[in-house]
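Participant: This is the structure I have questions about; it appears just below.
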Amino acid sequence: MLLTLIGALLLLQTQQNQPRTVAIDESFAARANLKVGDRVTVSSRPGADDFAVMTATRTGYTPIAAAPETVLIAAIVRRGADPSEVARGDFLLRMHLDQLQQVSGYGDRVDRFAIATKPSANIGQTVNRINHVAFGFRAYRSRDIAVETSRTFQVVSRFHRAIGVITIVASSVFLLCIMVLKVEERRRDIAALRLMGISRWSVVQSIIIEAALVAVLGSVLGVALGWAASLFVNWHYQALYRTPLAFSMVTPPIVALAVSLSLLLGIGAGILASLRLVRTPPLVLFGR
Amino acid sequence: MTEPTQTPAAPDERPIVSLRDVRRDYALGAERVHALQGVTLDVERGDYVAIVGPSGCGKSTLLNLIGVIDQPTSGTVEIGGKRVDDMSDWEATSFRLYNIGFVFQRFYLMPILSALENVALPMAEAKVPREERRERAAQLLAYVGLSNRERHRPSELSGGEQQRVAIARALANRPTLVLADEPTGELDAHTGAEIISLFQRLNADGTTIVVVTHDEGLADAARRKIHMRDGKVVDGSA
């Protein structure tokens, strides 16, 4: 567990004997051109120097002035995948608890802290357990906080859903049009098949199989395209925000949904396109 | 190469095709077109009949009725002794599958299937076992001189070769009767002559053929010519 100081920092050139160590995040290091071994002075008084972050005031209390302290950057770390932090532009400084108390001037007062869990942890169970045994504070999932604290996530989520629905409707119409056109192109072939004694059901079956194959092939290509786009999106935004957060994911359930939905649409389109044709007498299909 | 030879003529001496006073009228807007006006016609088993006449005389309408594709407005049509003029769509489809082979002017081969698969297609519909239909399709292709083209798709075949594949396909389910609608219409004179020769061989081997054509060469090759005009048989009827 680490304390996240959301406080003000000033960059100085002073040195101390045996300074305490801190860790900063990648984006901070890149922005301030800092590296491991550099010394910086931390202070709760913002604005005194060329680099300051003032998020402490956003948390609702006024920092109490405390003596600045020069510290040694011992590590540059990558931030956790927290969606609520990605777009804020805050920088992260990790320091020892007593050091934070001294610099911030708040003693043992803690506003909030974050718990990092192992990937295998059951977060829901952990949150419930903390809320059950702890008194005076509540635990939340970072994802829930992100949703609660930012309407943007909800809006984006709804937007994504709307795009999904529109895409499905548009692709259904597109698939149906393709199938109708493909079938229409072969109306004379189908008429010939009917004249040869091929039953309506056999014709419908073959068109449905073809439509299903087209749909499945299309969905597989779509998934491949989505996967490639996802790689690009993640690469771009992870570099932009310096976060391991996955912005786009193509998961097995999504692939299964895409393929099965596509299959259903393909079969539906095949049925509609073929029924339209096999109900027409072969001679009419021949144009006689 | 005697593969497509039809089963030996049955002792049944009745005509294989028998039309009695067949009329077929069409509604064309407010008008009524009398495409066939009381046609009576018999085609004997093993015969080779060419139906000729000017455009619009009712040749194709007659062929459609013999092929159980269309139904007469009045009169009766019998194929192989069975009334076919009042069949349901399902019955007619099934009847065509087992009893009639069609050869079209434009071949209508399935473009994604090989020559062998095209020939085997009607047999697949007739639930002939896979091995049997492959074997028979290969024999039929050999009969029409295309044993070296089994795996070729229609786009890889010439017009004459495509028509020969179509003829092999028409013979797939050992039909009682082969009907051809302008089978040389899309072919040059030389290739047309090959198809005419193939039809003659087919007939000599026992297949009953009825062909509608404007091609004099094809009509002359037939054993019997039926002339039509204005929806009536004017010469050659039974």
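Order determines the names: the first chain of the structure tokens is A, the second B, and so forth; residues in each chain are numbered 1 upward, and ligands are numbered 1 upward as they are shown.
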Fewer than 3 positions away in the same chain doesn't count, so skip those; otherwise give me all residues within 12 Å of Leu181 in chain A, counting only C-alpha atoms, as a list in words.
Facilitator: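 Listed by chain and then number, they are Phe174, Leu175, Leu176, Cys177, Ile178, Glu184, Glu185, Arg186, Arg187, Ala211, Ala269, Gly270, Leu272, Ala273, Ser274, Arg276 and Leu277 of chain A.
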Participant: Please return, as a ChimeraX atom specification, all residues of chain A lying within 6 Å of chain B when only C-alpha atoms are considered.
Facilitator: /A:189,196-197
Participant: Using only C-alpha atoms, which residues sit within 10 Å of Leu218 in chain B once same-chain residues fewer than 3 positions away are excluded, as a list of chain:residue names?
Facilitator: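 What passes the distance filter is B:Ala50, B:Glu182, B:Pro183, B:Thr184, B:Gly192, B:Ala193, B:Ile195, B:Ile196, B:Ser197, B:Phe199, B:Gln200, B:Val211, B:Val212, B:Thr213, B:His214, B:Asp215, B:Ala221, B:Ala222.
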Participant: Please provide as an mmCIF file with N, CA and C atoms, in the first residue's frame all residues within 10 Å of Asp235 in chain B, with the sequence filter that same-chain residues fewer than 4 positions apart are discarded (counting only C-alpha atoms).
Facilitator:
data_model
loop_
_atom_site.group_PDB
_atom_site.id
_atom_site.type_symbol
_atom_site.label_atom_id
_atom_site.label_comp_id
_atom_site.auth_asym_id
_atom_site.auth_seq_id
_atom_site.Cartn_x
_atom_site.Cartn_y
_atom_site.Cartn_z
ATOM 1 N N VAL B 52 -40.193 -26.740 -84.302
ATOM 2 C CA VAL B 52 -39.704 -25.549 -85.006
ATOM 3 C C VAL B 52 -40.872 -24.626 -85.349
ATOM 4 N N LYS B 225 -39.832 -33.688 -87.231
ATOM 5 C CA LYS B 225 -39.959 -32.245 -87.025
ATOM 6 C C LYS B 225 -41.419 -31.890 -86.842
ATOM 7 N N ILE B 226 -41.668 -31.042 -85.852
ATOM 8 C CA ILE B 226 -43.040 -30.575 -85.640
ATOM 9 C C ILE B 226 -43.043 -29.072 -85.892
ATOM 10 N N HIS B 227 -43.826 -28.663 -86.856
ATOM 11 C CA HIS B 227 -43.899 -27.239 -87.200
ATOM 12 C C HIS B 227 -45.068 -26.606 -86.463
ATOM 13 N N MET B 228 -44.796 -25.451 -85.903
ATOM 14 C CA MET B 228 -45.865 -24.743 -85.184
ATOM 15 C C MET B 228 -46.069 -23.359 -85.782
ATOM 16 N N ARG B 229 -47.287 -22.897 -85.682
ATOM 17 C CA ARG B 229 -47.576 -21.517 -86.084
ATOM 18 C C ARG B 229 -48.815 -21.053 -85.324
#
Participant: Using DSSP on the backbone coordinates, identify all residues within range 50-205 of chain B classified as strand (DSSP E); present the result as number ranges by chain.
Facilitator: B: 50-52, 74-79, 82-83, 100-103, 177-181
Participant: Keeping N, CA, C and O atoms for every residue in the selection just given, could you write it to a file as a PDB file, in the first residue's frame?
Facilitator:
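As written to disk, selection_0.pdb reads:
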ATOM      1  N   ALA B  50     -37.926 -32.466 -83.041  1.00  0.00           N
ATOM      2  CA  ALA B  50     -37.561 -31.052 -83.057  1.00  0.00           C
ATOM      3  C   ALA B  50     -38.823 -30.239 -83.265  1.00  0.00           C
ATOM      4  O   ALA B  50     -39.599 -30.508 -84.186  1.00  0.00           O
ATOM      5  N   ILE B  51     -39.057 -29.273 -82.401  1.00  0.00           N
ATOM      6  CA  ILE B  51     -40.205 -28.373 -82.554  1.00  0.00           C
ATOM      7  C   ILE B  51     -39.681 -27.072 -83.150  1.00  0.00           C
ATOM      8  O   ILE B  51     -38.794 -26.436 -82.558  1.00  0.00           O
ATOM      9  N   VAL B  52     -40.193 -26.740 -84.302  1.00  0.00           N
ATOM     10  CA  VAL B  52     -39.704 -25.549 -85.006  1.00  0.00           C
ATOM     11  C   VAL B  52     -40.872 -24.626 -85.349  1.00  0.00           C
ATOM     12  O   VAL B  52     -42.032 -25.038 -85.327  1.00  0.00           O
ATOM     13  N   SER B  74     -56.303 -25.587 -70.418  1.00  0.00           N
ATOM     14  CA  SER B  74     -57.213 -26.740 -70.547  1.00  0.00           C
ATOM     15  C   SER B  74     -56.498 -27.836 -71.332  1.00  0.00           C
ATOM     16  O   SER B  74     -55.451 -27.597 -71.934  1.00  0.00           O
ATOM     17  N   GLY B  75     -57.067 -29.023 -71.327  1.00  0.00           N
ATOM     18  CA  GLY B  75     -56.435 -30.156 -71.998  1.00  0.00           C
ATOM     19  C   GLY B  75     -55.618 -30.980 -71.017  1.00  0.00           C
ATOM     20  O   GLY B  75     -55.503 -30.635 -69.835  1.00  0.00           O
ATOM     21  N   THR B  76     -55.062 -32.079 -71.512  1.00  0.00           N
ATOM     22  CA  THR B  76     -54.305 -32.961 -70.619  1.00  0.00           C
ATOM     23  C   THR B  76     -52.885 -33.178 -71.145  1.00  0.00           C
ATOM     24  O   THR B  76     -52.639 -33.191 -72.349  1.00  0.00           O
ATOM     25  N   VAL B  77     -51.967 -33.344 -70.184  1.00  0.00           N
ATOM     26  CA  VAL B  77     -50.573 -33.646 -70.522  1.00  0.00           C
ATOM     27  C   VAL B  77     -50.169 -34.878 -69.722  1.00  0.00           C
ATOM     28  O   VAL B  77     -50.316 -34.907 -68.499  1.00  0.00           O
ATOM     29  N   GLU B  78     -49.682 -35.888 -70.428  1.00  0.00           N
ATOM     30  CA  GLU B  78     -49.189 -37.101 -69.760  1.00  0.00           C
ATOM     31  C   GLU B  78     -47.730 -37.323 -70.134  1.00  0.00           C
ATOM     32  O   GLU B  78     -47.369 -37.191 -71.307  1.00  0.00           O
ATOM     33  N   ILE B  79     -46.941 -37.630 -69.150  1.00  0.00           N
ATOM     34  CA  ILE B  79     -45.533 -37.985 -69.392  1.00  0.00           C
ATOM     35  C   ILE B  79     -45.329 -39.386 -68.821  1.00  0.00           C
ATOM     36  O   ILE B  79     -45.584 -39.602 -67.626  1.00  0.00           O
ATOM     37  N   LYS B  82     -48.265 -40.722 -66.991  1.00  0.00           N
ATOM     38  CA  LYS B  82     -48.732 -40.082 -65.753  1.00  0.00           C
ATOM     39  C   LYS B  82     -49.232 -38.672 -66.061  1.00  0.00           C
ATOM     40  O   LYS B  82     -48.551 -37.916 -66.752  1.00  0.00           O
ATOM     41  N   ARG B  83     -50.415 -38.342 -65.563  1.00  0.00           N
ATOM     42  CA  ARG B  83     -50.947 -36.996 -65.746  1.00  0.00           C
ATOM     43  C   ARG B  83     -50.082 -35.999 -64.975  1.00  0.00           C
ATOM     44  O   ARG B  83     -49.841 -36.152 -63.787  1.00  0.00           O
ATOM     45  N   ILE B 100     -37.180 -35.902 -66.024  1.00  0.00           N
ATOM     46  CA  ILE B 100     -36.890 -34.994 -67.139  1.00  0.00           C
ATOM     47  C   ILE B 100     -35.507 -34.368 -66.982  1.00  0.00           C
ATOM     48  O   ILE B 100     -35.151 -33.889 -65.902  1.00  0.00           O
ATOM     49  N   GLY B 101     -34.765 -34.402 -68.074  1.00  0.00           N
ATOM     50  CA  GLY B 101     -33.470 -33.716 -68.089  1.00  0.00           C
ATOM     51  C   GLY B 101     -33.586 -32.464 -68.944  1.00  0.00           C
ATOM     52  O   GLY B 101     -34.150 -32.517 -70.042  1.00  0.00           O
ATOM     53  N   PHE B 102     -33.098 -31.352 -68.412  1.00  0.00           N
ATOM     54  CA  PHE B 102     -33.196 -30.092 -69.154  1.00  0.00           C
ATOM     55  C   PHE B 102     -31.839 -29.668 -69.687  1.00  0.00           C
ATOM     56  O   PHE B 102     -30.839 -29.733 -68.977  1.00  0.00           O
ATOM     57  N   VAL B 103     -31.857 -29.186 -70.927  1.00  0.00           N
ATOM     58  CA  VAL B 103     -30.652 -28.557 -71.494  1.00  0.00           C
ATOM     59  C   VAL B 103     -31.078 -27.155 -71.938  1.00  0.00           C
ATOM     60  O   VAL B 103     -32.030 -27.021 -72.704  1.00  0.00           O
ATOM     61  N   LEU B 177     -36.996 -38.521 -70.328  1.00  0.00           N
ATOM     62  CA  LEU B 177     -37.091 -37.588 -71.440  1.00  0.00           C
ATOM     63  C   LEU B 177     -36.075 -36.461 -71.252  1.00  0.00           C
ATOM     64  O   LEU B 177     -35.888 -35.974 -70.128  1.00  0.00           O
ATOM     65  N   VAL B 178     -35.415 -36.075 -72.357  1.00  0.00           N
ATOM     66  CA  VAL B 178     -34.518 -34.912 -72.297  1.00  0.00           C
ATOM     67  C   VAL B 178     -35.139 -33.801 -73.134  1.00  0.00           C
ATOM     68  O   VAL B 178     -35.499 -34.019 -74.298  1.00  0.00           O
ATOM     69  N   LEU B 179     -35.270 -32.635 -72.524  1.00  0.00           N
ATOM     70  CA  LEU B 179     -35.820 -31.476 -73.216  1.00  0.00           C
ATOM     71  C   LEU B 179     -34.715 -30.449 -73.408  1.00  0.00           C
ATOM     72  O   LEU B 179     -33.965 -30.177 -72.462  1.00  0.00           O
ATOM     73  N   ALA B 180     -34.635 -29.908 -74.598  1.00  0.00           N
ATOM     74  CA  ALA B 180     -33.582 -28.919 -74.869  1.00  0.00           C
ATOM     75  C   ALA B 180     -34.202 -27.684 -75.518  1.00  0.00           C
ATOM     76  O   ALA B 180     -34.984 -27.800 -76.468  1.00  0.00           O
ATOM     77  N   ASP B 181     -33.862 -26.538 -74.969  1.00  0.00           N
ATOM     78  CA  ASP B 181     -34.393 -25.273 -75.486  1.00  0.00           C
ATOM     79  C   ASP B 181     -33.255 -24.500 -76.147  1.00  0.00           C
ATOM     80  O   ASP B 181     -32.385 -23.965 -75.453  1.00  0.00           O
TER      81      ASP B 181
END
Participant: Can you pull out every residue within 10 Å of Leu217 in chain A, counting only C-alpha atoms, but drop anything in the same chain fewer than 6 positions away, and send it as a PyMOL selection string?
Facilitator: chain A and resi 211+223+259+262-263
Participant: Could you check the closest approach to Ala32 in chain A for each of A:Ile130, A:Thr117, A:Phe91, A:Gly266 and tell me which residue wins, using only C-alpha atoms?
Facilitator: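 Of A:Ile130, A:Thr117, A:Phe91, A:Gly266, the one nearest Ala32 in chain A, counting only C-alpha atoms, is A:Phe91.
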Participant: What gap, in Å, lies between CA of Thr73 in chain B and CA of Cys57 in chain B?
Facilitator: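 Between CA of Thr73 in chain B and CA of Cys57 in chain B the gap works out to 16.8 Å.
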